[in-house]
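**Student:** Please find one structure pasted underneath; my questions will follow.
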Amino acid sequence: MELNLRSKEECKYDAVSLGEVMLRLDPGEGRIKTARRFNAWEGGGEYNVIRGLRRCFGMKTAVLTAFADNEVGKLMEDFILQGGVDTSLIKWMKTDGIGRICRNGINFTERGFGIRGAIGCSDRANTAISKATAEDFDFDYIFGELGVRWLHTGGIYAALSETSSETVIEAIKTAKKYGTVISYDLNYRPSMWSAIGGQAKAQEVNKEIAKYVDVMIGNEEDFTACLGFEIEGNDANLKELNLEGYKKMINEAAKTYPNFKVVATTLRTVRTATVNDWSAICWADGQIYKAAQYDGLEIMDRVGGGDSFASGLIFGLMETGDPEKAVNYGAAHGALAMTTPGDTTMASRSEVEGVMSGSGARVKR
């Protein structure tokens with residue numbers, strides 16, 4: 001497998017992400033509809049990946065996003081700074097006092113427990129990044145003059161508005177021109193596509209984006225809804241996993257898009273909201289590599305687990321060039337991220353590598 005990464009010496013950033021960052025309000029062990037107080041975090045599908053690369057794996061990263069220039073936007077910037085991610089590429093957009101011009105997105109998220117699944121309730125229409133266009137970012141300066149080794153973006157941002165998908169395409173075309181590796185997480189959300197053309201539009205957009213992607217990431221639903229690949233005979237409720245079906249699906253995806261150098265998918269069997277079986281597979285150079293299996297994984301907060309898988313996978317590919325090691329970095333990092341609250345990782349590289357080597361959960365003193 002040859003990703004042809006640009007050298008560290010010629011690039012300011014190891015990786016950047018393009019997407020929305022929202023204010024996450026979390027009722028903890030309670031429920032959104034009965035809460036009287038919330039914990040505040042930051043989170044977003046594309047951003048979570050880049051933050052994991054910085055906070056867990058020590059890479060130089062930046063976020064490409066836009067905020068309404070108000071106090072909530074400044075709060076979001078402060079969260080991002082605490083995560084160590086460079087904020088200098090953020091586009092600050094003028095707004096009025098009530099968010100008619102643009103606003104910042106909010107995501108209420110409650111953790112599931114046992115038979116009660118997790119719930120997300122987002123409030124993100126008319127946000128600054130959904131209204132941003134390619135002209136709001138100087139992509140030639142970012143990818144050409146500053147230099148970026150890896151760009152990560154995804155289907156959540158592409159679905160935000162009619163203009164966001166155009167911005168994604170312009171970004172990845174420019175990044176490719178300068179030799180930046182592109183990863184993309186399909187991350188299909190039916191509710192987000194419903195207002196701009198539904199699944200048909202999702203396939204139109206994602207099939208165009210896929211032509212430029214080096215590393216494609218997604219789960220079964222993502223590959224089916226966004227690219228039209230299906231797993232025959234898979235349990236619709238994901239109570240039993242059809243591993244051979246998954247392998248056939250990602251082989252087909254790699255054959256259809258010869259520009260894909262890596263295709264990866266998480267493998268999740270949902271026993272309860274708080275107990276999942278968890279693993280992942282990836283395709284590279286015609287071979288399928290499966291990560292270690294984490295059966296009976298106890299989950300505190302599953303939101304962001306797939307994003308942490310993606311950041312571990314990307315780190316492994318960049319650091320080792322070995323797809324088998326990379327998919328194991330991803331699976332271990334995703335598993336650890338789901339043992340803590342919030343969208344973003346609280347794991348360290350040494351913890352991830354400890355899980356990969358089979359360390360147990362005994363108290364460390």
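Just remember, in the structure tokens the first chain shown is A, the second B, etc., residues are 1-based per chain, and ligands are 1-based in the order shown.
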Considering only C-alpha atoms, tabulate each residue of segment 214-329 of chain A that lies at most 8 Å from segment 192-206 of chain A along with its nearest interatomic pair and the corresponding distance in Å to one decimal; arrange the rows by chain and ascending residue number and present them as a Markdown table.
**Tutor:**
| residue | atom | partner | partner_atom | distance |
| --- | --- | --- | --- | --- |
| A:Ala225 | CA | A:Gln199 | CA | 6.4 |
| A:Cys226 | CA | A:Gln203 | CA | 4.5 |
| A:Leu227 | CA | A:Gln203 | CA | 5.6 |
| A:Gly228 | CA | A:Gln203 | CA | 7.4 |
**Student:** For the interface of segment 48-138 of chain A with segment 30-38 of chain A (cut-off 10 Å, counting only C-alpha atoms), please tabulate each contacting residue of segment 48-138 of chain A alongside its nearest pair of atoms and their separation in Å to one decimal, rows sorted by chain and increasing number, as a Markdown table.
**Tutor:**
| residue | atom | partner | partner_atom | distance |
| --- | --- | --- | --- | --- |
| A:Phe108 | CA | A:Ile32 | CA | 7.0 |
| A:Thr109 | CA | A:Ile32 | CA | 7.3 |
| A:Glu110 | CA | A:Arg31 | CA | 5.9 |
| A:Arg111 | CA | A:Arg31 | CA | 8.0 |
| A:Gly112 | CA | A:Arg31 | CA | 9.1 |
| A:Ala118 | CA | A:Arg31 | CA | 9.7 |
| A:Ile119 | CA | A:Ile32 | CA | 8.6 |
| A:Gly120 | CA | A:Ile32 | CA | 9.1 |
| A:Cys121 | CA | A:Ile32 | CA | 8.7 |
**Student:** If you run DSSP on the backbone here, which positions in segment 147-202 of chain A get strand (DSSP E)? Please write them as a ChimeraX atom specification.
**Tutor:** /A:148-154,181-185
**Student:** When you look at segment 266-278 of chain A with a cut-off of 8 Å (counting only C-alpha atoms), what residues show up, excluding the ones that are within fewer than 5 positions of it in the same chain? I need them as a PyMOL selection string.
**Tutor:** chain A and resi 112-118+218-219+238-241+293-300+306+309+331+335
**Student:** Which residues, written as number ranges by chain, have at least one atom at most 7 Å from Ile129 of chain A, with only C-alpha atoms counted and residues fewer than 3 positions away on the same chain left out?
**Tutor:** A: 20, 65-67, 132
**Student:** Residues as selected, all heavy atoms, written as a PDB file, in the first residue's frame, can you do that?
**Tutor:**
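And here's out01.pdb as it stands now:
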ATOM      1  N   GLU A  20     -18.364  20.696  10.530  1.00  0.00           N
ATOM      2  CA  GLU A  20     -18.994  21.501  11.567  1.00  0.00           C
ATOM      3  C   GLU A  20     -18.574  21.038  12.956  1.00  0.00           C
ATOM      4  O   GLU A  20     -18.468  19.836  13.217  1.00  0.00           O
ATOM      5  CB  GLU A  20     -20.514  21.426  11.459  1.00  0.00           C
ATOM      6  CG  GLU A  20     -21.225  22.278  12.510  1.00  0.00           C
ATOM      7  CD  GLU A  20     -22.689  22.515  12.181  1.00  0.00           C
ATOM      8  OE1 GLU A  20     -23.446  21.537  12.115  1.00  0.00           O
ATOM      9  OE2 GLU A  20     -23.057  23.689  11.991  1.00  0.00           O
ATOM     10  N   THR A  65     -13.373  25.192   9.754  1.00  0.00           N
ATOM     11  CA  THR A  65     -14.795  25.312  10.066  1.00  0.00           C
ATOM     12  C   THR A  65     -15.139  26.792  10.088  1.00  0.00           C
ATOM     13  O   THR A  65     -14.298  27.646   9.796  1.00  0.00           O
ATOM     14  CB  THR A  65     -15.144  24.618  11.401  1.00  0.00           C
ATOM     15  OG1 THR A  65     -16.561  24.481  11.513  1.00  0.00           O
ATOM     16  CG2 THR A  65     -14.601  25.380  12.606  1.00  0.00           C
ATOM     17  N   ALA A  66     -16.393  27.105  10.420  1.00  0.00           N
ATOM     18  CA  ALA A  66     -16.825  28.498  10.545  1.00  0.00           C
ATOM     19  C   ALA A  66     -17.724  28.631  11.759  1.00  0.00           C
ATOM     20  O   ALA A  66     -18.523  27.728  12.057  1.00  0.00           O
ATOM     21  CB  ALA A  66     -17.566  28.948   9.282  1.00  0.00           C
ATOM     22  N   PHE A  67     -17.586  29.756  12.457  1.00  0.00           N
ATOM     23  CA  PHE A  67     -18.433  30.060  13.606  1.00  0.00           C
ATOM     24  C   PHE A  67     -19.050  31.436  13.433  1.00  0.00           C
ATOM     25  O   PHE A  67     -18.432  32.351  12.860  1.00  0.00           O
ATOM     26  CB  PHE A  67     -17.624  30.064  14.908  1.00  0.00           C
ATOM     27  CG  PHE A  67     -17.155  28.707  15.367  1.00  0.00           C
ATOM     28  CD1 PHE A  67     -15.878  28.560  15.894  1.00  0.00           C
ATOM     29  CD2 PHE A  67     -17.980  27.600  15.295  1.00  0.00           C
ATOM     30  CE1 PHE A  67     -15.433  27.326  16.336  1.00  0.00           C
ATOM     31  CE2 PHE A  67     -17.541  26.353  15.726  1.00  0.00           C
ATOM     32  CZ  PHE A  67     -16.270  26.220  16.243  1.00  0.00           C
ATOM     33  N   ALA A 132     -21.209  28.658   4.724  1.00  0.00           N
ATOM     34  CA  ALA A 132     -19.900  28.969   4.155  1.00  0.00           C
ATOM     35  C   ALA A 132     -19.751  28.342   2.775  1.00  0.00           C
ATOM     36  O   ALA A 132     -20.320  27.292   2.476  1.00  0.00           O
ATOM     37  CB  ALA A 132     -18.797  28.466   5.081  1.00  0.00           C
TER      38      ALA A 132
END
**Student:** As a PyMOL selection string, please: every residue in segment 34-249 of chain A that DSSP puts in alpha helix (DSSP H).
**Tutor:** chain A and resi 45-55+71-82+128-131+139+155-158+162-177+190-193+198-210+220-227+243-249
**Student:** May I have the residues within 7 Å of Asn39 of chain A as a PyMOL selection string, using only C-alpha atoms and disregarding those fewer than 2 positions away in the same chain?
**Tutor:** chain A and resi 25-27+41
**Student:** Could you turn the residues from that selection into a file that holds C-alpha atoms, as a PDB file, in the first residue's frame?
**Tutor:**
ATOM      1  CA  LEU A  25     -25.083  19.624  25.775  1.00  0.00           C
ATOM      2  CA  ASP A  26     -25.147  16.408  27.774  1.00  0.00           C
ATOM      3  CA  PRO A  27     -27.568  15.559  30.636  1.00  0.00           C
ATOM      4  CA  TRP A  41     -18.556  19.759  25.346  1.00  0.00           C
TER       5      TRP A  41
END
**Student:** Give me, as a compact mmCIF listing (two decimals) with C-alpha atoms, in the first residue's frame, all polymer residues having an atom no more than 12 Å from Thr167 of chain A, counting only C-alpha atoms and skipping those fewer than 6 positions away in the same chain.
**Tutor:**
# COMPACT_ATOMS: atom_id res chain seq x y z
CA LEU A 18 -13.29 20.17 7.22
CA GLY A 19 -16.70 20.12 8.90
CA LEU A 64 -11.40 24.08 8.92
CA THR A 65 -14.79 25.31 10.07
CA ILE A 129 -20.39 26.51 8.40
CA SER A 130 -23.54 25.39 6.56
CA LYS A 131 -23.64 28.81 4.87
CA ALA A 132 -19.90 28.97 4.15
CA THR A 133 -18.70 28.48 0.60
CA ALA A 134 -15.36 27.48 -0.89
CA GLU A 135 -14.60 31.18 -1.34
CA ASP A 136 -14.57 31.59 2.45
CA PHE A 137 -11.43 29.44 2.67
CA ASP A 138 -8.20 29.95 0.73
CA PHE A 139 -7.64 26.29 -0.11
CA THR A 153 -13.91 15.30 5.92
CA GLY A 154 -17.22 13.46 5.72
CA TYR A 157 -20.76 18.09 6.67
CA ALA A 158 -21.63 17.30 3.04
CA ALA A 159 -25.31 16.98 4.06
CA LEU A 160 -25.55 20.26 5.98
CA SER A 161 -26.66 22.34 3.00
CA LYS A 173 -9.88 18.72 -5.48
CA THR A 174 -7.49 21.43 -4.30
CA VAL A 205 -23.10 13.74 -3.90
CA ILE A 209 -16.84 12.78 -3.81
**Student:** Kindly indicate which residue among A:Val148, A:Leu317, A:Ala310, A:Ala332 lies nearest to Cys11 of chain A, using only C-alpha atoms for the distances.
**Tutor:**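 Selected residue with least distance to Cys11 of chain A: A:Val148.
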